[in-house]
Structures are given as C-alpha cells and as structure tokens.
file model00.csv (CSV, C-alpha atoms and all ligand atoms)
chain,number,residue,atom,x,y,z
S,175,MET,CA,24.9,44.3,1.9
S,176,LEU,CA,23.2,46.9,4.1
S,177,PRO,CA,24.6,47.3,7.6
S,178,GLN,CA,22.5,45.7,10.4
S,179,ARG,CA,21.1,48.2,12.9
S,180,MET,CA,22.5,47.5,16.3
S,181,THR,CA,19.6,46.7,18.6
S,182,HIS,CA,21.4,46.0,21.8
S,183,ARG,CA,20.4,49.3,23.4
S,184,ARG,CA,16.7,48.5,23.0
S,185,SER,CA,16.7,46.1,25.9
S,186,SER,CA,14.5,48.1,28.2
S,187,PRO,CA,11.4,50.3,27.9
S,188,ALA,CA,13.6,53.4,28.6
S,189,ASP,CA,15.9,52.4,25.8
S,190,ALA,CA,13.0,52.0,23.4
S,191,ILE,CA,11.7,55.5,24.3
S,192,HIS,CA,15.3,56.9,23.8
S,193,ASP,CA,15.3,55.2,20.3
S,194,LEU,CA,12.0,56.9,19.4
S,195,LEU,CA,13.4,60.3,20.4
S,196,ALA,CA,16.7,59.7,18.7
S,197,ALA,CA,14.8,58.9,15.4
S,198,GLY,CA,14.0,62.6,15.2
S,199,TRP,CA,17.7,63.5,15.9
S,200,ARG,CA,18.8,61.1,13.2
S,201,ALA,CA,16.4,62.6,10.7
S,202,GLN,CA,17.9,66.0,11.5
S,203,ALA,CA,21.4,64.6,10.9
S,204,LEU,CA,20.3,63.3,7.5
S,205,ARG,CA,18.8,66.7,6.5
S,206,THR,CA,22.0,68.4,7.6
S,207,PHE,CA,24.2,65.9,5.8
S,208,VAL,CA,22.3,66.6,2.6
S,209,ALA,CA,21.9,70.4,3.1
S,210,PHE,CA,25.7,70.7,3.3
S,211,GLY,CA,26.2,68.8,0.1
S,212,CYS,CA,28.1,66.0,1.8
S,213,PRO,CA,26.8,63.2,-0.6
S,214,GLN,CA,28.1,65.1,-3.6
S,215,GLN,CA,31.5,65.9,-2.1
S,216,LEU,CA,32.0,62.2,-1.0
S,217,THR,CA,31.0,61.1,-4.5
S,218,ILE,CA,33.4,63.4,-6.3
S,219,TYR,CA,36.4,63.2,-4.0
S,220,GLY,CA,36.0,59.7,-2.4
S,221,PRO,CA,36.8,58.7,1.2
S,222,MET,CA,38.1,61.5,3.4
S,223,MET,CA,38.6,62.4,7.1
S,224,ALA,CA,35.8,64.5,8.7
S,225,ASP,CA,38.1,67.6,8.9
S,226,GLU,CA,38.6,67.5,5.1
S,227,LEU,CA,34.9,67.0,4.4
S,228,ALA,CA,34.2,69.9,6.8
S,229,VAL,CA,36.5,72.2,4.9
S,230,ARG,CA,35.0,71.2,1.6
S,231,VAL,CA,31.4,71.9,2.7
S,232,GLY,CA,32.1,74.9,4.9
S,233,ALA,CA,31.4,73.2,8.3
S,234,VAL,CA,33.1,72.9,11.7
S,235,ALA,CA,34.7,69.4,11.8
S,236,ALA,CA,34.0,68.8,15.5
S,237,ALA,CA,30.3,69.4,14.9
S,238,LEU,CA,30.1,67.6,11.6
S,239,GLU,CA,31.7,64.4,12.7
S,240,PRO,CA,28.9,63.4,15.1
S,241,VAL,CA,26.5,63.7,12.2
S,242,LEU,CA,28.6,61.2,10.2
S,243,VAL,CA,28.9,58.9,13.3
S,244,ALA,CA,25.1,59.0,13.8
S,245,LEU,CA,24.5,58.1,10.1
S,246,GLU,CA,27.1,55.3,9.9
S,247,PRO,CA,25.0,52.5,11.4
S,248,PHE,CA,22.2,53.1,8.8
S,249,GLY,CA,24.6,52.9,5.8
S,250,VAL,CA,24.4,56.5,4.8
S,251,VAL,CA,28.1,56.7,5.3
S,252,ALA,CA,30.8,54.0,5.8
S,253,GLN,CA,34.0,54.7,7.8
S,254,THR,CA,37.4,53.0,7.6
S,255,GLU,CA,40.2,54.2,9.9
S,256,GLY,CA,38.6,57.6,10.2
S,257,HIS,CA,38.0,58.0,6.5
S,258,TYR,CA,34.3,58.5,5.5
S,259,GLU,CA,32.7,57.6,2.2
S,260,LEU,CA,29.2,57.3,1.0
S,261,GLY,CA,27.6,54.2,2.4
S,262,PRO,CA,25.4,51.6,0.6
S,263,ILE,CA,22.2,53.7,1.0
S,264,GLY,CA,23.9,57.1,0.6
S,265,ARG,CA,23.8,56.8,-3.1
S,266,VAL,CA,20.0,57.5,-3.3
S,267,LEU,CA,20.6,61.0,-1.7
S,268,LEU,CA,22.1,62.1,-5.0
S,269,ASP,CA,19.9,63.6,-7.6
S,270,GLY,CA,19.8,61.7,-10.9
S,271,GLU,CA,19.9,58.2,-9.4
S,272,PRO,CA,16.9,56.2,-10.6
S,273,ASP,CA,15.5,55.7,-7.1
S,274,SER,CA,16.8,59.1,-5.8
S,275,MET,CA,15.4,60.3,-2.5
S,276,ALA,CA,16.9,63.8,-2.9
S,277,THR,CA,13.6,65.5,-3.5
S,278,ALA,CA,12.0,63.6,-0.7
S,279,VAL,CA,14.7,64.9,1.7
S,280,ALA,CA,14.3,68.4,0.2
S,281,VAL,CA,10.6,68.3,0.9
S,282,ASP,CA,11.0,67.0,4.4
S,283,ALA,CA,13.6,69.6,5.2
S,284,HIS,CA,11.5,72.5,3.7
S,285,PRO,CA,10.3,74.9,6.4
S,286,LEU,CA,6.7,74.3,5.4
S,287,TRP,CA,6.9,70.6,6.2
S,288,GLN,CA,9.1,71.2,9.3
S,289,GLU,CA,6.7,73.8,10.6
S,290,ALA,CA,3.8,71.4,10.1
S,291,MET,CA,5.5,68.6,12.1
S,292,GLN,CA,6.3,71.1,14.8
S,293,SER,CA,2.7,72.2,14.9
S,294,LEU,CA,1.4,68.6,15.3
S,295,HIS,CA,0.3,69.4,18.8
S,296,THR,CA,-1.8,72.4,17.7
S,297,THR,CA,-3.2,70.6,14.7
S,298,ILE,CA,-4.3,67.6,16.8
S,299,ARG,CA,-5.9,70.0,19.3
S,300,THR,CA,-7.7,72.1,16.7
S,301,GLY,CA,-8.0,69.8,13.7
S,302,ARG,CA,-6.7,72.7,11.6
S,303,PRO,CA,-3.3,72.3,10.0
S,304,PRO,CA,-1.0,75.3,9.6
S,305,HIS,CA,-1.7,77.6,6.6
S,306,GLY,CA,-5.2,76.1,6.3
S,307,GLY,CA,-3.8,73.0,4.5
S,308,LEU,CA,-1.1,72.2,2.0
S,309,TYR,CA,-2.9,73.1,-1.3
S,310,GLY,CA,-3.9,76.6,-0.4
S,311,TYR,CA,-0.3,77.3,0.6
S,312,LEU,CA,1.0,75.8,-2.7
S,313,ASP,CA,-1.3,78.1,-4.7
S,314,GLN,CA,0.4,81.1,-3.1
S,315,HIS,CA,4.0,79.7,-3.4
S,316,PRO,CA,4.6,78.3,-7.0
S,317,ASP,CA,8.3,77.4,-6.2
S,318,VAL,CA,7.2,75.1,-3.3
S,319,ALA,CA,4.3,73.8,-5.5
S,320,GLU,CA,6.8,72.7,-8.1
S,321,LEU,CA,9.0,71.0,-5.5
S,322,PHE,CA,6.0,69.1,-4.2
S,323,ASP,CA,4.8,68.1,-7.7
S,324,LEU,CA,8.4,66.8,-8.4
S,325,TYR,CA,8.4,64.8,-5.1
S,326,MET,CA,5.0,63.3,-5.9
S,327,ALA,CA,6.1,62.5,-9.5
S,328,ARG,CA,9.2,60.7,-8.3
S,329,ARG,CA,7.2,58.7,-5.8
S,330,THR,CA,4.5,57.9,-8.4
S,331,LEU,CA,7.2,56.8,-10.9
S,332,ARG,CA,7.9,53.9,-8.6
S,333,THR,CA,4.2,52.9,-8.0
S,334,ALA,CA,2.7,53.6,-11.4
S,335,PRO,CA,4.2,50.6,-13.3
S,336,ALA,CA,2.8,48.3,-10.6
S,337,VAL,CA,-0.7,49.9,-10.7
S,338,ALA,CA,-0.7,49.8,-14.5
S,339,THR,CA,-0.3,46.0,-14.5
S,340,HIS,CA,-3.9,45.7,-13.2
S,341,GLU,CA,-6.9,45.5,-15.5
S,342,PHE,CA,-8.3,48.8,-16.7
S,343,GLY,CA,-11.2,49.5,-18.9
S,344,ASP,CA,-11.3,51.8,-22.0
S,345,ARG,CA,-11.7,55.1,-20.2
S,346,VAL,CA,-9.8,56.0,-17.0
S,347,VAL,CA,-10.2,59.2,-15.0
S,348,ASP,CA,-7.4,60.1,-12.7
S,349,LEU,CA,-8.8,62.4,-10.0
S,350,GLY,CA,-6.2,64.6,-8.5
S,351,GLY,CA,-3.9,62.9,-11.0
S,352,GLY,CA,-0.9,65.1,-10.3
S,353,THR,CA,1.4,65.6,-13.3
S,354,GLY,CA,0.0,62.7,-15.2
S,355,ILE,CA,2.6,60.0,-14.4
S,356,MET,CA,0.1,57.4,-13.3
S,357,LEU,CA,-2.2,58.0,-16.3
S,358,ALA,CA,0.7,57.8,-18.8
S,359,HIS,CA,1.7,54.4,-17.4
S,360,ILE,CA,-1.8,53.1,-17.5
S,361,LEU,CA,-2.3,54.2,-21.1
S,362,ARG,CA,1.1,52.7,-22.1
S,363,ALA,CA,0.1,49.3,-20.5
S,364,HIS,CA,-3.4,49.4,-22.0
S,365,PRO,CA,-3.2,50.5,-25.7
S,366,ARG,CA,-7.0,50.7,-26.1
S,367,THR,CA,-7.5,53.0,-23.1
S,368,THR,CA,-8.0,56.7,-23.2
S,369,GLY,CA,-7.9,58.9,-20.1
S,370,TRP,CA,-8.4,62.2,-18.3
S,371,VAL,CA,-6.5,63.8,-15.4
S,372,VAL,CA,-8.7,66.2,-13.3
S,373,GLU,CA,-6.4,68.6,-11.5
S,374,ARG,CA,-6.2,72.1,-9.9
S,375,GLU,CA,-5.0,74.7,-12.4
S,376,PRO,CA,-1.2,75.0,-11.7
S,377,VAL,CA,-0.8,71.2,-11.5
S,378,ALA,CA,-3.0,70.7,-14.6
S,379,LYS,CA,-0.5,72.8,-16.6
S,380,ARG,CA,2.4,70.6,-15.5
S,381,ALA,CA,0.3,67.5,-16.3
S,382,THR,CA,-0.4,68.8,-19.8
S,383,ALA,CA,3.3,69.5,-20.3
S,384,HIS,CA,4.4,66.1,-19.0
S,385,LEU,CA,1.8,64.1,-21.1
S,386,ALA,CA,2.6,66.1,-24.2
S,387,GLU,CA,6.1,64.9,-24.0
S,388,GLN,CA,5.0,61.2,-24.0
S,389,ALA,CA,5.2,60.5,-27.8
S,390,ASP,CA,3.6,57.0,-27.5
S,391,ILE,CA,0.3,58.0,-26.0
S,392,GLN,CA,-0.6,61.0,-28.0
S,393,GLY,CA,-4.3,61.6,-28.8
S,394,ARG,CA,-5.4,59.4,-25.9
S,395,TRP,CA,-5.5,61.8,-23.0
S,396,GLU,CA,-7.1,65.1,-21.8
S,397,VAL,CA,-6.3,67.2,-18.8
S,398,ILE,CA,-9.3,68.8,-17.2
S,399,VAL,CA,-8.7,71.9,-15.0
S,400,GLY,CA,-11.3,71.2,-12.4
S,401,ASP,CA,-12.3,70.4,-8.8
S,402,ILE,CA,-12.7,66.7,-8.0
S,403,PHE,CA,-15.5,67.7,-5.5
S,404,ALA,CA,-17.5,69.2,-8.4
S,405,ALA,CA,-19.6,66.5,-10.1
S,406,GLY,CA,-19.6,68.6,-13.3
S,407,ASP,CA,-15.8,68.5,-13.6
S,408,ILE,CA,-15.7,64.7,-13.6
S,409,PRO,CA,-16.4,62.8,-16.8
S,410,SER,CA,-19.5,60.7,-16.4
S,411,ASP,CA,-18.7,58.0,-19.0
S,412,ALA,CA,-15.5,56.4,-17.7
S,413,THR,CA,-14.8,52.8,-16.9
S,414,ASP,CA,-12.4,53.5,-14.0
S,415,TYR,CA,-12.3,56.3,-11.5
S,416,LEU,CA,-8.8,56.4,-10.0
S,417,ALA,CA,-7.9,58.5,-6.9
S,418,ALA,CA,-4.2,57.9,-5.9
S,419,SER,CA,-2.8,59.4,-2.7
S,420,VAL,CA,-5.9,61.7,-2.6
S,421,LEU,CA,-8.1,60.3,0.2
S,422,HIS,CA,-5.3,60.3,2.8
S,423,ASN,CA,-5.3,64.1,2.5
S,424,LEU,CA,-8.9,64.3,3.5
S,425,SER,CA,-10.9,64.1,6.7
S,426,ASP,CA,-13.6,61.4,6.9
S,427,GLU,CA,-16.2,64.0,6.3
S,428,ALA,CA,-14.5,65.3,3.1
S,429,THR,CA,-13.8,61.8,2.0
S,430,GLY,CA,-17.5,61.0,2.4
S,431,VAL,CA,-18.3,64.0,0.2
S,432,LEU,CA,-15.8,63.0,-2.5
S,433,LEU,CA,-16.9,59.4,-2.6
S,434,ALA,CA,-20.5,60.4,-2.8
S,435,THR,CA,-19.7,62.8,-5.7
S,436,ILE,CA,-17.8,60.1,-7.6
S,437,ARG,CA,-20.7,57.6,-6.9
S,438,GLU,CA,-23.2,60.2,-8.3
S,439,VAL,CA,-21.2,60.6,-11.5
S,440,MET,CA,-19.9,57.1,-12.4
S,441,PRO,CA,-22.0,55.0,-14.8
S,442,PRO,CA,-23.2,51.5,-13.9
S,443,GLY,CA,-20.5,48.8,-14.2
S,444,SER,CA,-17.6,51.2,-13.7
S,445,ARG,CA,-15.0,50.9,-10.9
S,446,LEU,CA,-13.5,53.2,-8.3
S,447,ARG,CA,-9.8,52.5,-7.9
S,448,LEU,CA,-8.1,53.9,-4.7
S,449,VAL,CA,-4.4,53.9,-4.3
S,450,ASP,CA,-3.3,54.7,-0.7
S,451,MET,CA,-1.5,53.2,2.2
S,452,VAL,CA,-3.5,50.9,4.4
S,453,VAL,CA,-2.5,50.5,8.1
S,454,PRO,CA,-2.1,46.8,8.5
S,455,PRO,CA,-3.6,44.7,11.4
S,456,GLY,CA,-1.2,44.0,14.3
S,457,ALA,CA,1.4,46.4,15.6
S,458,ALA,CA,4.4,45.8,13.3
S,459,PRO,CA,6.1,48.9,12.0
S,460,ASP,CA,4.8,50.0,8.6
S,461,PRO,CA,5.3,53.1,6.4
S,462,SER,CA,1.6,53.9,6.7
S,463,ARG,CA,2.0,54.6,10.4
S,464,ASP,CA,4.8,57.1,9.7
S,465,LEU,CA,3.1,58.8,6.7
S,466,GLY,CA,-0.1,59.0,8.8
S,467,LEU,CA,1.8,61.4,11.0
S,468,ARG,CA,2.7,63.7,8.2
S,469,MET,CA,-0.9,63.6,7.0
S,470,ALA,CA,-2.0,64.5,10.5
S,471,ALA,CA,0.4,67.4,10.5
S,472,MET,CA,-0.3,68.7,7.0
S,473,PHE,CA,-4.0,68.0,6.7
S,474,GLY,CA,-5.4,67.0,10.1
S,475,ALA,CA,-6.2,63.6,8.5
S,476,GLY,CA,-4.3,60.3,8.3
S,477,GLU,CA,-3.7,56.8,6.8
S,478,ARG,CA,-6.6,54.4,7.4
S,479,ARG,CA,-7.1,50.8,8.2
S,480,LEU,CA,-9.0,48.6,5.7
S,481,GLY,CA,-12.1,48.5,7.9
S,482,GLN,CA,-12.2,52.3,8.0
S,483,TYR,CA,-12.1,52.4,4.2
S,484,ALA,CA,-14.8,49.8,4.0
S,485,ALA,CA,-17.1,51.8,6.4
S,486,LEU,CA,-16.6,55.1,4.4
S,487,LEU,CA,-17.1,53.3,1.1
S,488,GLN,CA,-20.2,51.6,2.3
S,489,LYS,CA,-21.7,54.9,3.5
S,490,ALA,CA,-21.2,56.3,0.0
S,491,GLY,CA,-22.7,53.3,-1.8
S,492,PHE,CA,-19.6,51.3,-2.6
S,493,ARG,CA,-18.3,47.9,-1.6
S,494,ILE,CA,-14.7,46.6,-1.9
S,495,ALA,CA,-14.3,44.1,-4.7
S,496,GLU,CA,-10.5,43.6,-4.5
S,497,VAL,CA,-7.5,44.6,-2.4
S,498,ALA,CA,-4.1,44.4,-4.1
S,499,HIS,CA,-1.1,44.8,-1.8
S,500,PRO,CA,1.7,45.6,-1.6
S,501,LEU,CA,2.6,48.1,-4.3
S,502,PRO,CA,5.9,49.9,-4.0
S,503,TRP,CA,6.1,52.5,-1.1
S,504,GLY,CA,3.7,50.2,0.9
S,505,LEU,CA,0.7,51.4,-1.1
S,506,THR,CA,-2.4,49.3,-1.7
S,507,LEU,CA,-4.8,49.3,-4.7
S,508,ILE,CA,-8.4,49.0,-3.5
S,509,THR,CA,-10.9,48.3,-6.2
S,510,CYS,CA,-14.5,49.3,-5.4
S,511,ILE,CA,-17.8,48.8,-7.2
S,512,SER,CA,-21.2,50.2,-6.6
S,513,ASP,CA,-23.1,48.4,-3.9
S,514,GLU,CA,-25.8,47.8,-6.6
S,515,SER,CA,-23.4,45.8,-8.8
S,516,ASP,CA,-23.6,42.0,-8.7
S,517,GLU,CA,-20.2,41.8,-10.3
S,518,ILE,CA,-17.9,43.9,-12.4
S,519,GLU,CA,-19.4,44.1,-15.9
S,520,ALA,CA,-17.3,43.2,-18.9
S,521,MET,CA,-15.8,46.4,-20.4
H,601,LIG,C1,-0.8,63.8,-3.0
H,601,LIG,S1,-1.1,64.4,-4.6
H,601,LIG,C2,-1.3,62.9,-5.5
H,601,LIG,C3,-1.0,63.1,-7.0
H,601,LIG,C4,-1.2,61.8,-7.9
H,601,LIG,N1,-2.5,61.2,-7.7
H,601,LIG,C5,-0.1,60.8,-7.6
H,601,LIG,O1,-0.4,59.8,-7.0
H,601,LIG,O2,1.0,61.1,-7.9
H,601,LIG,C6,-2.8,64.9,-4.5
H,601,LIG,C7,-3.2,65.7,-5.7
H,601,LIG,O3,-4.6,66.0,-5.6
H,601,LIG,C8,-4.8,67.3,-6.2
H,601,LIG,N2,-6.0,67.9,-5.6
H,601,LIG,C9,-6.2,68.1,-4.3
H,601,LIG,N3,-7.4,68.7,-4.2
H,601,LIG,C10,-8.0,68.8,-5.4
H,601,LIG,C11,-9.2,69.3,-5.9
H,601,LIG,N4,-10.1,69.7,-5.0
H,601,LIG,N5,-9.5,69.2,-7.2
H,601,LIG,C12,-8.5,68.7,-8.1
H,601,LIG,N6,-7.3,68.2,-7.7
H,601,LIG,C13,-7.0,68.2,-6.3
H,601,LIG,C14,-3.5,68.0,-5.8
H,601,LIG,O4,-3.3,69.1,-6.7
H,601,LIG,C15,-2.5,67.0,-5.9
H,601,LIG,O5,-1.8,67.0,-7.2
call {"tool": "encode", "arguments": {"input": "model00.csv", "output": "structure tokens", "more": "lines below"}}
Ligand SMILES: C[S@@+](CC[C@H](N)C(=O)[O-])C[C@H]1O[C@@H](n2cnc3c(N)ncnc32)[C@H](O)[C@@H]1O
result
Amino acid sequence: MLPQRMTHRRSSPADAIHDLLAAGWRAQALRTFVAFGCPQQLTIYGPMMADELAVRVGAVAAALEPVLVALEPFGVVAQTEGHYELGPIGRVLLDGEPDSMATAVAVDAHPLWQEAMQSLHTTIRTGRPPHGGLYGYLDQHPDVAELFDLYMARRTLRTAPAVATHEFGDRVVDLGGGTGIMLAHILRAHPRTTGWVVEREPVAKRATAHLAEQADIQGRWEVIVGDIFAAGDIPSDATDYLAASVLHNLSDEATGVLLATIREVMPPGSRLRLVDMVVPPGAAPDPSRDLGLRMAAMFGAGERRLGQYAALLQKAGFRIAEVAHPLPWGLTLITCISDESDEIEAM
C-alpha cells in the first residue's frame, strides 16, 4: 500500500503556500536521489543507514539524509530504525521496470528542461521560449533528441494500447507520430489497417528503425519525412488523421494553421483524432494543469480546456464527434469530423 501523505500542515493559507513552494524542493530532492544512483544502490545492497548509502554514492551523509527524509512520506524510500530502503514507488525510478519513470526524471533533470522552467517568467512576458522552442534545439543536439524520443516512446507505450482499442478505418496517418509506437499499436489492433507516420527527419529515421523491428505489421506502414504544416507532405486519402501530443506544443495561432491544413487535405468522411490532455472543469488537481506549465515553459503554449479545443476546431471547419477520457497519463482522445459531415461515414 502506498503511504498516505500527511496533510496536517495544510491547515492554513500560509501552509498551503508553503506546500506549493516545497513541491519544487521535493522535485529537486527526487532528481538528486536519482542522479546519485541511490535507487540502484538500495536495490543491490538492500536497507542501509544514510552514512553507508552516502559512502556508496559518494555523498556527504549529513546532506544526503534530509533528501531521504523528504522523500519518505511519498514512498520513494521507506525507513525502519534509521535504515533506508527503496519504498513502494521507488521501484519505478529504476531503468528496465515496465512502468519505469527513469527517463522522465532524466528529461526533467536535464539542463534544457531545467533552464526552460527557470525561464518561465521571461517566456510568459515575451511568449518566446528559450532556444526558440524545443524542436529547433533538438535538431542541433542529437543526444538530447534521442533522450526526448525515448521519453515520448515510454510515455506513449502506456497510452497507445488504450488508443488502439478505439475504432480506426483502413488508412491512418499519425502526424508528428514520433518513433511510431502509436501507429504500431493501432496496426496490431486493426489487422486491415495500413498507416503512415509523418515526422521530422531525425525522428523519422528512428520511427523507421522501430517499425522495421515489428515483425507482425510489415508491409503495412510507411514513414514520410515531412512537415505536418505542409499539405503536400500529408497523405490525402486516409480515413483517420491522428495528432497525439502535438497540439499542446502549439500556440492557438499555429494550432489554427495546422488544423486548417489537415482540413484542406482530408477526404470527406475521414476523421481527425486528437490525443492530448484536457484541463477538466472545476479546480481539482489534474496532470494537465502541471504539464501545461512545462508546455508554457518549453513552447509558450499550454494544455487546453474542452471549450478551447471546440472553438479552435470550429474555426478550422471541424466539430467534435466524441470525447474519450481518461486514457493513461490523463490523456483524452477527441474525435473530430468535418463540420459538413452529417455523421461518420462507414469506412
Ligand atoms: C510531443 S511529441 C509526440 C510524439 C508522438 N505523437 C507520441 O504521442 O508519442 C511531438 C512530435 O511532433 C513532431 N513534430 C513537431 N513539429 C513537427 C513538424 N512541423 N513536422 C513533423 N513533425 C513534427 C516532433 O518531432 C515530435 O516527435
């Protein structure tokens, strides 16, 4: 069972503000715990005192122990009589676990993402993220690009099976389809379907390599090196146009341009399938609210409410036919059809 967070300190507005500030400190404790290789040492050697762990990872015990103490209430570590071991959620910090978050932590701890979060004030003031946006930076830094693709692939590995359970027609285009994980799952779940991934060149290469390794879907996919904003790069005879975790990288203006481009290309009766987070009504905590901050820092954009999607879609000539929620990671599948369609045609 996961430990219960103690909430007794959040009894006043001042305590609540303290908690918000401390969330940033705790995140730093988590990054540090991982950067020192503590999860691996605790897995290999089992429970140990903070001094022993400090020696093993090359740290100063007096400074390391507060990190362990801060992470204990969240179940990252567990402590018995001064001996620390990996707690119930600490396991996912290890590489190789099926639901491993090791790459997510590595991305979060990378100077590019850290610098972006620290520049949030400037980005909000100017609307311009550092380095002119993530993808330009990745083009110049192949090692970081690979890390990012791996992070997205791990994340999509959890959502793709759920997306693939939905109905898809015979020809699916995955726009900005990353390394092809989503398309592979859709093809596997829909044996009559063929598909394309449209991607920027370096990612397209990794998509080709990944899809080529999937023995059960050979002959049913193609990777197009292209720009999703260029109508000529998007197949015009598909049944489904998928854009997963693409729109949340884009300003409303750029989203409008992309939606209009897709609308121009797609044949009558086809569908647009958006996979993104949707900020829910009310004020309850939700992952979309947190990821929106990262999107603001990296892209000067953010996660949207359903009404905001509906407005952007309507402007581009679409209407929402179905909203499927929740997918893993708090994602939502929004199915859209042309505003001229009476209904989705049989495909
Ligand atoms: C956040 S990732 C999502 C990847 C994938 N759809 C998934 O869900 O795992 C966004 C993807 O869009 C691609 N992308 C961004 N701008 C693009 C463009 N103009 N043309 C083609 N691909 C683009 C990026 O290379 C990246 O792989």
call {"tool": "closest_residue", "arguments": {"input": "model00.csv", "among": "S:Ala363, S:His192, S:Asp414, S:Gly504", "to": "Arg332 of chain S", "atoms": "all atoms listed in the file"}}
result
S:Gly504
call {"tool": "closest_residue", "arguments": {"input": "model00.csv", "among": "S:Gly400, S:Gly393, S:Pro500, S:Pro365", "to": "Pro454 of chain S", "atoms": "only C-alpha atoms"}}
result
S:Pro500
call {"tool": "residues_near_ligand", "arguments": {"input": "model00.csv", "ligand": "ligand LIG 601 (chain H)", "cutoff": "6 Å", "atoms": "all atoms listed in the file", "output": "PyMOL selection string"}}
result
chain S and resi 326-327+330+350-352+372-374+377+400-403+418-420
call {"tool": "atom_distance", "arguments": {"input": "model00.csv", "atom1": "atom CA of Val337 of chain S", "atom2": "atom CA of Leu416 of chain S"}}
result
10.4 Å
call {"tool": "residues_near_point", "arguments": {"input": "model00.csv", "point": "(-0.4, 55.9, 11.9)", "cutoff": "10 Å", "atoms": "only C-alpha atoms", "output": "list in words"}}
result
Val452, Val453, Pro454, Pro459, Asp460, Pro461, Ser462, Arg463, Asp464, Leu465, Gly466, Leu467, Arg468, Met469, Ala470, Gly476, Glu477, Arg478 and Arg479 of chain S
call {"tool": "closest_residue", "arguments": {"input": "model00.csv", "among": "S:Val497, S:Ile508, S:Leu349, S:Val318", "to": "Ala280 of chain S", "atoms": "only C-alpha atoms"}}
result
S:Val318
call {"tool": "atom_distance", "arguments": {"input": "model00.csv", "atom1": "atom CA of Gln292 of chain S", "atom2": "atom CA of His422 of chain S"}}
result
19.9 Å
call {"tool": "atom_distance", "arguments": {"input": "model00.csv", "atom1": "atom CA of Val281 of chain S", "atom2": "atom CA of Tyr325 of chain S"}}
result
7.3 Å
call {"tool": "residues_around", "arguments": {"input": "model00.csv", "residues": "segment 241-256 of chain S", "least_positions_apart": "5", "cutoff": "12 Å", "atoms": "all atoms listed in the file", "output": "ChimeraX atom specification"}}
result
/S:175-181,196-208,210,212-213,216-217,220-228,233-236,261-268
call {"tool": "residues_near_point", "arguments": {"input": "model00.csv", "point": "(-1.6, 65.9, -22.6)", "cutoff": "9 Å", "atoms": "all atoms listed in the file", "output": "PyMOL selection string"}}
result
chain S and resi 354+370-371+381-388+391-397
call {"tool": "closest_residue", "arguments": {"input": "model00.csv", "among": "S:Met472, S:Ala490, S:Leu501, S:Ile408", "to": "Gly310 of chain S", "atoms": "all atoms listed in the file"}}
result
S:Met472
call {"tool": "residues_around", "arguments": {"input": "model00.csv", "residues": "Thr413 of chain S", "least_positions_apart": "5", "cutoff": "8 Å", "atoms": "only C-alpha atoms", "output": "ChimeraX atom specification"}}
result
/S:342-346,441,443-445,521
call {"tool": "write_last_selection", "arguments": {"input": "model00.csv", "atoms": "C-alpha atoms", "output": "compact mmCIF listing (two decimals), in the coordinates of the input"}}
result
# COMPACT_ATOMS: atom_id res chain seq x y z
CA PHE S 342 -8.30 48.80 -16.70
CA GLY S 343 -11.20 49.50 -18.90
CA ASP S 344 -11.30 51.80 -22.00
CA ARG S 345 -11.70 55.10 -20.20
CA VAL S 346 -9.80 56.00 -17.00
CA PRO S 441 -22.00 55.00 -14.80
CA GLY S 443 -20.50 48.80 -14.20
CA SER S 444 -17.60 51.20 -13.70
CA ARG S 445 -15.00 50.90 -10.90
CA MET S 521 -15.80 46.40 -20.40
call {"tool": "closest_residue", "arguments": {"input": "model00.csv", "among": "S:Val229, S:Gln214, S:His295, S:His315", "to": "Ala276 of chain S", "atoms": "all atoms listed in the file"}}
result
S:Gln214
